[in-house]
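> Input run-v9.cif, format and content: mmCIF, C-alpha atoms and all ligand atoms.
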data_entry
#
loop_
_atom_site.label_atom_id
_atom_site.label_comp_id
_atom_site.auth_asym_id
_atom_site.auth_seq_id
_atom_site.Cartn_x
_atom_site.Cartn_y
_atom_site.Cartn_z
CA MET A 18 -79.57 52.18 -13.90
CA PRO A 19 -78.48 55.37 -12.07
CA GLU A 20 -76.49 57.71 -14.30
CA ALA A 21 -73.52 57.77 -11.92
CA TYR A 22 -73.06 54.04 -12.41
CA VAL A 23 -72.42 54.07 -16.12
CA GLN A 24 -69.17 56.04 -15.83
CA ALA A 25 -65.85 54.43 -14.99
CA PRO A 26 -64.56 55.18 -11.49
CA ALA A 27 -62.43 58.31 -11.21
CA PRO A 28 -58.79 57.17 -11.18
CA GLY A 29 -56.92 57.51 -7.93
CA THR A 30 -59.94 58.11 -5.69
CA SER A 31 -59.66 56.60 -2.25
CA ASP A 32 -63.44 56.20 -2.07
CA LEU A 33 -63.53 52.41 -2.09
CA ALA A 34 -67.32 52.16 -1.84
CA GLY A 35 -67.79 54.61 -4.71
CA ARG A 36 -65.29 52.79 -6.89
CA TYR A 37 -66.91 49.46 -6.07
CA ARG A 38 -70.34 50.71 -7.14
CA ALA A 39 -69.01 52.46 -10.25
CA THR A 40 -67.14 49.33 -11.32
CA ARG A 41 -70.15 47.09 -10.80
CA GLY A 42 -72.35 49.52 -12.68
CA LEU A 43 -69.98 49.82 -15.62
CA SER A 44 -70.01 46.04 -16.23
CA GLU A 45 -73.79 46.12 -16.62
CA ALA A 46 -73.69 49.27 -18.74
CA LEU A 47 -71.25 47.54 -21.13
CA CYS A 48 -73.76 44.71 -21.55
CA ALA A 49 -76.81 46.95 -21.96
CA PRO A 50 -76.66 47.05 -25.80
CA LEU A 51 -76.43 43.24 -26.05
CA SER A 52 -79.33 40.88 -26.69
CA GLU A 53 -79.77 37.77 -24.54
CA ALA A 54 -78.31 35.74 -27.42
CA ASP A 55 -75.34 38.11 -27.88
CA ALA A 56 -74.56 37.76 -24.19
CA CYS A 57 -74.61 33.96 -24.31
CA ILE A 58 -72.43 33.05 -27.29
CA GLN A 59 -68.78 31.99 -27.08
CA SER A 60 -66.70 32.30 -30.27
CA MET A 61 -63.59 30.36 -29.16
CA ASP A 62 -62.05 28.67 -26.13
CA ASP A 63 -60.08 31.81 -25.21
CA ALA A 64 -63.19 34.01 -25.04
CA SER A 65 -66.11 33.91 -22.64
CA PRO A 66 -69.74 34.97 -23.04
CA ALA A 67 -70.58 38.48 -21.81
CA LYS A 68 -73.09 36.94 -19.42
CA TRP A 69 -70.40 34.72 -17.96
CA HIS A 70 -68.21 37.77 -17.22
CA LEU A 71 -71.14 39.40 -15.36
CA ALA A 72 -71.59 36.24 -13.32
CA HIS A 73 -67.94 35.32 -12.70
CA THR A 74 -67.03 38.76 -11.32
CA THR A 75 -70.00 38.41 -8.95
CA TRP A 76 -68.88 34.91 -7.96
CA PHE A 77 -65.50 36.43 -7.01
CA PHE A 78 -67.08 38.88 -4.52
CA GLU A 79 -69.59 36.35 -3.22
CA THR A 80 -66.93 33.68 -2.66
CA PHE A 81 -63.89 35.55 -1.37
CA LEU A 82 -65.66 38.38 0.46
CA LEU A 83 -69.19 37.36 1.46
CA ARG A 84 -68.81 33.61 1.96
CA ASP A 85 -65.35 33.82 3.52
CA ARG A 86 -65.53 37.13 5.41
CA ARG A 87 -69.18 37.76 6.35
CA PRO A 88 -70.41 35.25 8.94
CA GLY A 89 -73.92 33.99 8.27
CA TYR A 90 -74.02 34.89 4.57
CA ARG A 91 -75.92 32.33 2.47
CA LEU A 92 -75.08 31.82 -1.21
CA PHE A 93 -77.66 33.24 -3.63
CA ASP A 94 -77.72 29.88 -5.42
CA ASP A 95 -75.36 27.16 -4.24
CA ARG A 96 -75.34 25.48 -7.68
CA TRP A 97 -73.83 28.48 -9.46
CA PRO A 98 -70.22 28.53 -8.15
CA ARG A 99 -69.60 25.45 -10.28
CA LEU A 100 -70.68 27.42 -13.37
CA PHE A 101 -68.80 30.62 -12.67
CA ASN A 102 -65.53 29.62 -10.98
CA SER A 103 -62.91 30.29 -13.66
CA TYR A 104 -59.73 28.42 -12.75
CA TYR A 105 -59.44 28.21 -8.95
CA GLU A 106 -58.53 24.61 -8.13
CA ALA A 107 -58.94 25.37 -4.44
CA GLU A 108 -62.62 26.17 -5.12
CA GLY A 109 -63.36 22.73 -6.46
CA GLU A 110 -65.30 21.39 -9.43
CA ARG A 111 -66.17 23.69 -12.35
CA ILE A 112 -67.20 23.51 -16.00
CA THR A 113 -64.42 23.68 -18.58
CA ARG A 114 -63.70 27.06 -20.16
CA ALA A 115 -64.64 25.88 -23.64
CA ARG A 116 -68.18 25.03 -22.43
CA ARG A 117 -69.10 28.44 -21.06
CA GLY A 118 -71.19 29.17 -24.15
CA MET A 119 -73.49 26.25 -23.26
CA LEU A 120 -74.96 28.12 -20.28
CA SER A 121 -78.25 29.34 -21.72
CA ARG A 122 -79.53 29.35 -18.12
CA PRO A 123 -79.35 31.25 -15.81
CA SER A 124 -80.58 34.17 -17.87
CA VAL A 125 -79.02 37.64 -17.94
CA ALA A 126 -81.91 38.88 -15.80
CA GLU A 127 -81.28 36.17 -13.18
CA ILE A 128 -77.58 37.01 -13.13
CA CYS A 129 -78.39 40.69 -12.70
CA ARG A 130 -80.60 39.81 -9.72
CA TRP A 131 -77.61 37.92 -8.27
CA ARG A 132 -75.43 40.96 -8.89
CA ALA A 133 -77.89 43.19 -7.02
CA HIS A 134 -78.11 40.70 -4.15
CA VAL A 135 -74.31 40.54 -3.81
CA ASP A 136 -73.96 44.33 -4.07
CA GLU A 137 -76.49 44.82 -1.30
CA ALA A 138 -74.68 42.31 0.93
CA MET A 139 -71.30 43.85 0.09
CA ALA A 140 -72.46 47.24 1.44
CA SER A 141 -71.71 46.09 4.99
CA LEU A 142 -68.11 45.20 4.07
CA LEU A 143 -67.17 48.28 2.05
CA GLY A 144 -66.11 50.25 5.14
CA ASP A 145 -64.20 47.40 6.80
CA PRO A 146 -60.41 48.03 6.64
CA ALA A 147 -59.72 44.33 7.28
CA VAL A 148 -61.05 43.42 3.83
CA ALA A 149 -60.20 46.61 1.90
CA GLY A 150 -57.27 44.94 0.10
CA LEU A 151 -59.44 42.05 -1.02
CA ILE A 152 -62.13 44.44 -2.26
CA GLU A 153 -59.44 46.34 -4.21
CA LEU A 154 -58.47 43.01 -5.79
CA GLY A 155 -62.12 42.31 -6.64
CA ILE A 156 -62.47 45.74 -8.29
CA ALA A 157 -59.24 45.30 -10.29
CA HIS A 158 -60.41 41.79 -11.24
CA GLU A 159 -63.76 43.09 -12.51
CA GLN A 160 -61.96 45.81 -14.50
CA GLN A 161 -59.87 43.13 -16.18
CA HIS A 162 -63.05 41.28 -17.06
CA GLN A 163 -64.60 44.48 -18.45
CA GLU A 164 -61.78 44.61 -20.99
CA LEU A 165 -62.19 40.91 -21.75
CA LEU A 166 -65.95 41.37 -22.09
CA LEU A 167 -65.33 44.03 -24.74
CA THR A 168 -62.75 42.04 -26.68
CA ASP A 169 -64.73 38.80 -26.39
CA ILE A 170 -68.00 40.28 -27.68
CA LYS A 171 -66.09 41.92 -30.55
CA HIS A 172 -64.71 38.52 -31.51
CA ALA A 173 -68.14 36.91 -31.16
CA LEU A 174 -69.92 39.45 -33.38
CA PHE A 175 -67.08 39.25 -35.93
CA GLN A 176 -68.19 35.66 -36.62
CA ASN A 177 -71.48 36.96 -38.03
CA PRO A 178 -71.25 37.76 -41.78
CA LEU A 179 -73.62 40.70 -41.22
CA GLY A 180 -71.01 42.40 -39.01
CA PRO A 181 -73.36 43.55 -36.25
CA ALA A 182 -72.51 46.65 -34.23
CA VAL A 183 -72.65 47.00 -30.44
CA TRP A 184 -72.75 50.79 -30.72
CA PRO A 185 -73.47 53.22 -33.57
CA ALA A 186 -70.36 54.48 -35.37
CA ALA A 187 -68.78 57.81 -34.49
CA THR A 188 -68.29 60.37 -37.23
CA ASP A 189 -65.43 59.54 -39.58
CA ASP A 190 -62.75 61.81 -38.11
CA ARG A 191 -59.52 60.76 -39.80
CA LEU A 192 -56.22 61.38 -38.01
CA PRO A 193 -53.52 63.55 -39.61
CA GLU A 194 -50.43 61.81 -40.97
CA ARG A 195 -47.59 61.64 -38.48
CA GLY A 196 -44.01 62.71 -39.03
CA GLU A 197 -40.84 60.78 -38.29
CA THR A 198 -40.73 58.55 -35.21
CA GLY A 199 -38.87 60.11 -32.28
CA TRP A 200 -37.08 58.10 -29.60
CA HIS A 201 -36.95 58.14 -25.80
CA GLN A 202 -33.26 57.51 -25.12
CA HIS A 203 -32.00 55.76 -21.98
CA PRO A 204 -28.31 55.62 -20.97
CA GLY A 205 -28.60 52.19 -19.34
CA GLY A 206 -27.29 51.28 -15.88
CA ILE A 207 -28.82 49.72 -12.80
CA ALA A 208 -32.58 50.22 -12.84
CA LEU A 209 -35.42 49.33 -10.52
CA ALA A 210 -38.40 47.33 -11.74
CA GLY A 211 -41.63 46.25 -10.09
CA HIS A 212 -44.17 47.67 -7.68
CA GLU A 213 -43.40 49.00 -4.24
CA GLY A 214 -45.47 51.02 -1.75
CA ASP A 215 -49.01 51.26 -0.47
CA GLY A 216 -50.98 51.54 -3.72
CA PHE A 217 -52.77 48.51 -5.11
CA ALA A 218 -50.83 46.19 -7.41
CA PHE A 219 -51.23 42.56 -8.42
CA ASP A 220 -48.81 40.11 -6.81
CA ASN A 221 -47.04 39.48 -10.14
CA GLU A 222 -45.79 43.12 -10.19
CA GLY A 223 -43.41 42.62 -7.29
CA PRO A 224 -41.15 42.53 -5.48
CA ARG A 225 -39.31 45.60 -6.73
CA HIS A 226 -35.80 44.58 -7.68
CA ARG A 227 -32.64 45.79 -9.40
CA LEU A 228 -31.49 44.89 -12.87
CA LEU A 229 -28.97 46.07 -15.43
CA LEU A 230 -30.04 47.86 -18.61
CA GLU A 231 -27.80 48.43 -21.61
CA PRO A 232 -28.27 51.79 -23.41
CA PHE A 233 -31.43 51.67 -25.53
CA ALA A 234 -34.14 53.79 -27.13
CA LEU A 235 -37.93 53.34 -27.13
CA ALA A 236 -40.08 54.82 -29.92
CA ASP A 237 -42.26 57.78 -28.97
CA ARG A 238 -45.29 56.30 -30.73
CA LEU A 239 -46.99 53.08 -31.70
CA VAL A 240 -46.64 51.50 -35.14
CA SER A 241 -49.50 52.66 -37.39
CA ASN A 242 -51.86 50.93 -39.81
CA ARG A 243 -50.08 52.75 -42.65
CA GLU A 244 -46.74 51.23 -41.67
CA TRP A 245 -48.39 47.84 -41.40
CA ASP A 246 -49.80 48.20 -44.90
CA GLU A 247 -46.23 48.84 -46.11
CA PHE A 248 -45.05 45.70 -44.32
CA ILE A 249 -47.76 43.69 -46.09
CA ALA A 250 -47.02 45.30 -49.48
CA ASP A 251 -43.34 44.38 -49.06
CA GLY A 252 -44.24 40.71 -48.60
CA GLY A 253 -43.93 40.72 -44.82
CA TYR A 254 -46.25 37.77 -44.36
CA SER A 255 -44.54 35.67 -47.04
CA THR A 256 -40.87 36.24 -46.16
CA ALA A 257 -39.71 33.42 -43.90
CA SER A 258 -36.48 35.18 -42.91
CA LEU A 259 -38.42 37.83 -40.95
CA TRP A 260 -40.16 35.35 -38.69
CA LEU A 261 -39.40 33.34 -35.60
CA SER A 262 -39.69 29.63 -36.36
CA ASP A 263 -42.83 29.24 -34.25
CA GLY A 264 -44.27 32.38 -35.83
CA TRP A 265 -43.61 31.19 -39.38
CA ALA A 266 -45.27 27.86 -38.58
CA TRP A 267 -48.28 29.78 -37.19
CA VAL A 268 -48.52 32.03 -40.26
CA GLN A 269 -48.44 28.98 -42.54
CA ARG A 270 -50.80 26.85 -40.51
CA GLU A 271 -53.40 29.58 -39.98
CA ALA A 272 -52.95 31.23 -43.42
CA ILE A 273 -52.36 34.62 -41.74
CA THR A 274 -51.99 37.56 -44.16
CA ALA A 275 -52.99 40.59 -42.04
CA PRO A 276 -53.88 41.61 -38.47
CA LEU A 277 -57.07 40.14 -37.04
CA TYR A 278 -60.25 41.98 -38.15
CA TRP A 279 -58.74 43.42 -41.37
CA ARG A 280 -60.70 43.16 -44.66
CA GLY A 281 -59.46 45.23 -47.58
CA ASP A 282 -59.40 48.87 -46.40
CA GLU A 283 -61.80 48.13 -43.54
CA HIS A 284 -61.59 46.58 -40.13
CA PHE A 285 -64.17 45.11 -37.78
CA THR A 286 -64.96 47.24 -34.73
CA HIS A 287 -67.56 47.50 -31.97
CA CYS A 288 -69.40 49.71 -34.47
CA GLY A 289 -69.36 47.01 -37.17
CA TRP A 290 -67.20 47.16 -40.31
CA GLN A 291 -65.56 50.59 -40.61
CA PRO A 292 -62.97 52.25 -42.85
CA ARG A 293 -59.48 51.75 -41.38
CA ASP A 294 -57.66 54.95 -40.43
CA ALA A 295 -54.12 54.65 -41.83
CA ASN A 296 -52.74 56.91 -39.10
CA ALA A 297 -54.28 55.10 -36.14
CA PRO A 298 -52.14 52.57 -34.27
CA VAL A 299 -52.21 49.01 -35.61
CA THR A 300 -53.94 46.60 -33.22
CA HIS A 301 -54.89 42.94 -32.95
CA ILE A 302 -51.45 41.63 -33.84
CA SER A 303 -49.77 38.60 -32.29
CA TYR A 304 -46.34 38.56 -30.67
CA TYR A 305 -45.08 36.76 -33.77
CA GLU A 306 -46.34 39.52 -36.07
CA ALA A 307 -44.92 42.25 -33.82
CA ASP A 308 -41.53 40.55 -33.83
CA ALA A 309 -41.51 40.04 -37.62
CA PHE A 310 -42.39 43.69 -38.20
CA ALA A 311 -39.58 44.81 -35.89
CA VAL A 312 -37.10 42.63 -37.79
CA TRP A 313 -38.39 44.09 -41.08
CA VAL A 314 -37.62 47.69 -39.98
CA GLY A 315 -34.28 46.79 -38.35
CA ALA A 316 -35.49 47.34 -34.77
CA ARG A 317 -36.67 45.02 -32.00
CA LEU A 318 -39.32 44.69 -29.31
CA PRO A 319 -38.52 46.35 -25.96
CA THR A 320 -38.06 44.29 -22.82
CA GLU A 321 -40.65 44.86 -20.12
CA PHE A 322 -37.91 46.47 -18.02
CA GLU A 323 -36.90 48.96 -20.72
CA TRP A 324 -40.55 49.94 -21.19
CA GLU A 325 -41.04 50.36 -17.44
CA ALA A 326 -37.86 52.46 -17.08
CA ILE A 327 -39.19 54.95 -19.66
CA ALA A 328 -42.74 54.87 -18.24
CA ARG A 329 -41.70 55.60 -14.64
CA GLY A 330 -42.34 59.32 -15.01
CA ALA A 331 -45.39 59.04 -17.27
CA ASP A 332 -48.98 59.50 -16.10
CA PRO A 333 -50.66 56.06 -16.26
CA THR A 334 -54.11 57.70 -16.34
CA ALA A 335 -53.34 59.73 -19.48
CA GLY A 336 -53.96 58.59 -23.03
CA ASN A 337 -56.85 56.90 -24.78
CA GLN A 338 -58.39 54.56 -22.19
CA LEU A 339 -61.94 53.51 -21.33
CA ASP A 340 -64.05 56.15 -19.54
CA GLY A 341 -67.46 54.52 -19.70
CA ALA A 342 -69.76 52.40 -21.82
CA ALA A 343 -68.61 53.61 -25.23
CA PRO A 344 -66.89 51.91 -28.18
CA PRO A 345 -63.13 51.47 -27.60
CA ARG A 346 -61.15 52.81 -30.54
CA PRO A 347 -57.34 53.13 -30.91
CA ARG A 348 -56.74 56.73 -31.88
CA ARG A 349 -53.54 58.50 -30.90
CA GLY A 350 -50.58 56.22 -30.28
CA GLY A 351 -48.19 58.70 -28.70
CA GLU A 352 -48.75 58.20 -25.00
CA LEU A 353 -47.14 55.24 -23.27
CA PHE A 354 -50.52 54.28 -21.78
CA GLY A 355 -53.66 53.88 -23.87
CA ASP A 356 -54.73 52.80 -27.37
CA CYS A 357 -53.25 49.30 -27.21
CA TRP A 358 -51.20 46.96 -25.07
CA GLN A 359 -47.62 46.73 -26.28
CA TRP A 360 -45.85 43.44 -26.74
CA THR A 361 -42.48 43.09 -25.06
CA ARG A 362 -39.88 40.39 -25.68
CA SER A 363 -39.91 39.50 -21.98
CA ALA A 364 -41.20 36.09 -21.01
CA TYR A 365 -43.84 36.27 -18.28
CA LEU A 366 -41.83 34.95 -15.34
CA PRO A 367 -41.74 35.54 -11.59
CA TYR A 368 -39.54 38.38 -10.33
CA PRO A 369 -36.77 37.49 -7.85
CA ARG A 370 -38.30 36.52 -4.47
CA PHE A 371 -41.85 36.43 -5.89
CA ALA A 372 -44.28 34.48 -3.73
CA PRO A 373 -47.97 34.06 -4.60
CA ALA A 374 -50.49 35.13 -1.97
CA ALA A 375 -51.74 32.47 0.47
CA GLY A 376 -55.03 30.71 -0.22
CA ALA A 377 -57.16 30.51 -3.36
CA VAL A 378 -56.36 34.08 -4.53
CA GLY A 379 -52.74 32.93 -4.80
CA GLU A 380 -53.90 31.19 -7.99
CA TYR A 381 -54.64 34.59 -9.56
CA ASN A 382 -51.35 35.11 -11.43
CA GLY A 383 -48.45 32.91 -10.47
CA LYS A 384 -49.62 29.65 -11.98
CA PHE A 385 -49.76 31.20 -15.47
CA MET A 386 -46.02 31.95 -15.62
CA SER A 387 -45.25 29.55 -18.44
CA GLY A 388 -45.06 30.18 -22.17
CA GLN A 389 -46.55 33.70 -22.23
CA PHE A 390 -45.11 37.16 -22.97
CA VAL A 391 -45.53 40.40 -21.03
CA LEU A 392 -47.44 43.35 -22.51
CA LYS A 393 -47.14 46.84 -21.06
CA GLY A 394 -49.25 49.99 -21.08
CA ALA A 395 -53.02 49.97 -21.35
CA SER A 396 -55.51 49.87 -24.22
CA CYS A 397 -58.56 51.83 -25.31
CA ALA A 398 -60.59 49.06 -23.63
CA THR A 399 -58.75 49.33 -20.29
CA VAL A 400 -60.65 51.27 -17.63
CA ARG A 401 -58.74 54.48 -16.92
CA GLY A 402 -56.94 54.14 -13.60
CA HIS A 403 -56.52 50.37 -13.86
CA SER A 404 -52.95 50.24 -15.19
CA ARG A 405 -49.59 51.61 -14.04
CA ALA A 406 -45.88 51.43 -14.98
CA SER A 407 -45.35 48.13 -13.14
CA TYR A 408 -48.50 46.50 -14.60
CA ARG A 409 -47.83 43.19 -16.37
CA ASN A 410 -50.42 41.97 -18.82
CA PHE A 411 -49.65 38.60 -20.42
CA PHE A 412 -50.80 36.51 -23.36
CA TYR A 413 -49.60 33.60 -25.45
CA PRO A 414 -47.60 34.63 -28.52
CA HIS A 415 -50.26 33.61 -31.07
CA GLN A 416 -53.13 35.42 -29.36
CA ARG A 417 -54.40 38.65 -30.90
CA TRP A 418 -58.04 39.22 -30.01
CA GLN A 419 -56.98 41.79 -27.42
CA PHE A 420 -56.10 45.37 -28.43
CA THR A 421 -52.42 44.46 -28.89
CA GLY A 422 -49.94 46.65 -30.76
CA LEU A 423 -46.29 47.51 -31.08
CA ARG A 424 -43.85 50.17 -29.90
CA LEU A 425 -40.37 49.62 -31.33
CA ALA A 426 -37.09 49.65 -29.44
CA LYS A 427 -33.45 49.64 -30.51
CA ASP A 428 -29.99 49.29 -29.01
CA LEU A 429 -27.79 52.36 -28.64
FE FE A 501 -61.44 36.16 -13.36
#
Take the structure in this file and express it as structure tokens.
Ligand SMILES: [Fe+2]

Amino acid sequence: MPEAYVQAPAPGTSDLAGRYRATRGLSEALCAPLSEADACIQSMDDASPAKWHLAHTTWFFETFLLRDRRPGYRLFDDRWPRLFNSYYEAEGERITRARRGMLSRPSVAEICRWRAHVDEAMASLLGDPAVAGLIELGIAHEQQHQELLLTDIKHALFQNPLGPAVWPAATDDRLPERGETGWHQHPGGIALAGHEGDGFAFDNEGPRHRLLLEPFALADRLVSNREWDEFIADGGYSTASLWLSDGWAWVQREAITAPLYWRGDEHFTHCGWQPRDANAPVTHISYYEADAFAVWVGARLPTEFEWEAIARGADPTAGNQLDGAAPPRPRRGGELFGDCWQWTRSAYLPYPRFAPAAGAVGEYNGKFMSGQFVLKGASCATVRGHSRASYRNFFYPHQRWQFTGLRLAKDL
């Protein structure tokens, strides 16, 4: 694979063709350390095999760009859309998500040949302004799947008692202990939320609209592993009064006593089992855990609008984000973007006057606006340049296999 392809695309470049090729190359570079078996397994319904991510992102370009926008294009294999359509009802029959791990064929090599075929055919569309917006969507879509690929393979390898590593461990460079938490203060008032302008954004980020904020403060850093250890030592997981009713039922039912991937003083990483740095941000927590911790310290979760109001002036390409095929690792915790996605208390709902796009791509976001919560920021597994202040990630409140963490808020 050419060297230039293993790096993430430079954020903010207008070179659509270059960003397309860099994005496609990064997906394959992320899979390079995996065996055929690693790439095929599926550890739970929420996760997909690495091989499936390579194929599904290719299906997206082949279906919505080549099939629909390039007259005369013939599908590489007309049996495969059924395997690699994720959830698009308009695209017809497909296998259920929970069965993706059953696809031992086609092989990784066959899927990579499909990827090369699609990339070659896409070359004729990369300079066409009529489809530039759809190609931007395809790039952003593949970047989302790169993060899922990383979190899904981590979860898959975690199932193995030997704790296999995707990459060799970095040197043990412990972070210094941090001082007192500072606060970004906001006076409240009428604020603007949501995306506006020419730059790419998903449909769920708009329209921009007004809303009223009460005075509040947002912490200048993420909650750390050390603070989480204190929460555990104080009986955080066994004190019903700290928990939402649904959260307490989840803790009881699942026998939860710590964040996902914790074992003693270690945690599971892409480099196998490693010592846990007390001063790194805590990650792999559910909404329920984030909320219980906030109650324990006498604070609360921010709303998505409070977070966005503070982040308006921040650089979304700063912080600890993914720059290439290397192990993601939460490290700093100060920047608004990077390290881990931050739970908000905002339900994932449509903004006023939201309308999904026409056609099958209209199924991208809108139909998931039920029962999930918004997360803001970006994580160490998010490709740098992918996120922005208006970006809305979303997950169900019990889910925690993503790099999810917590930045506290409080009323003023
Ligand atoms: Fe997808």
> List all protein, DNA and RNA residues that have at least one atom no more than 9 Å from any atom of ligand FE 501 (chain A), counting all atoms listed in the file, and write them as a list in words.
His70, His73, Thr74, Phe77, Asn102, Ser103, Tyr104, His158, Glu159, Gln161, His162 and Tyr381 of chain A
> Between A:Arg317, A:Arg346, A:Arg405, A:His284, which residue has the minimum interatomic distance to Phe217 (chain A), considering all atoms listed in the file?
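Closest candidate: A:Arg405.
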> Please list, as an NGL selection string, the residues that have an atom at most 12 Å away from (-79.0, 40.9, -4.3) in the coordinates of this file, counting all atoms listed in the file.
:A and (75 or 79 or 83 or 90-94 or 127-140)
> Once you have the residues from the selection above, write them out as a tab-separated table (two decimals), in the frame of the given file, restricted to C-alpha atoms.

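Result went into selection02.tsv, see below:
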chain	number	residue	atom	x	y	z
A	75	THR	CA	-70.00	38.41	-8.95
A	79	GLU	CA	-69.59	36.35	-3.22
A	83	LEU	CA	-69.19	37.36	1.46
A	90	TYR	CA	-74.02	34.89	4.57
A	91	ARG	CA	-75.92	32.33	2.47
A	92	LEU	CA	-75.08	31.82	-1.21
A	93	PHE	CA	-77.66	33.24	-3.63
A	94	ASP	CA	-77.72	29.88	-5.42
A	127	GLU	CA	-81.28	36.17	-13.18
A	128	ILE	CA	-77.58	37.01	-13.13
A	129	CYS	CA	-78.39	40.69	-12.70
A	130	ARG	CA	-80.60	39.81	-9.72
A	131	TRP	CA	-77.61	37.92	-8.27
A	132	ARG	CA	-75.43	40.96	-8.89
A	133	ALA	CA	-77.89	43.19	-7.02
A	134	HIS	CA	-78.11	40.70	-4.15
A	135	VAL	CA	-74.31	40.54	-3.81
A	136	ASP	CA	-73.96	44.33	-4.07
A	137	GLU	CA	-76.49	44.82	-1.30
A	138	ALA	CA	-74.68	42.31	0.93
A	139	MET	CA	-71.30	43.85	0.09
A	140	ALA	CA	-72.46	47.24	1.44
> Go through A:Leu179, A:Gly144, A:Pro319, A:Thr113 one by one, measure the shortest atom-to-atom distance of each to His201 (chain A) using only C-alpha atoms, and give the residue with the smallest value.
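Looking only at the distances to His201 (chain A), the closest residue turns out to be A:Pro319.
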> Using only C-alpha atoms, find each residue of region 63-175 of chain A with at least one atom at most 10 Å away from an atom of region 47-53 of chain A; report its shortest atom-to-atom pair and that distance in Å (one decimal), sort the rows by chain and rising residue number, and return the result as CSV.

residue,atom,partner,partner_atom,distance
A:Ala67,CA,A:Cys48,CA,7.0
A:Lys68,CA,A:Cys48,CA,8.1
A:His70,CA,A:Cys48,CA,9.9
A:Leu71,CA,A:Cys48,CA,8.6
A:Ser121,CA,A:Glu53,CA,9.0
A:Ser124,CA,A:Glu53,CA,7.6
A:Val125,CA,A:Glu53,CA,6.6
A:Ala126,CA,A:Glu53,CA,9.1
A:Gln163,CA,A:Leu47,CA,7.8
A:Glu164,CA,A:Leu47,CA,9.9
A:Leu166,CA,A:Leu47,CA,8.2
A:Leu167,CA,A:Leu47,CA,7.8
A:Ile170,CA,A:Leu51,CA,9.1
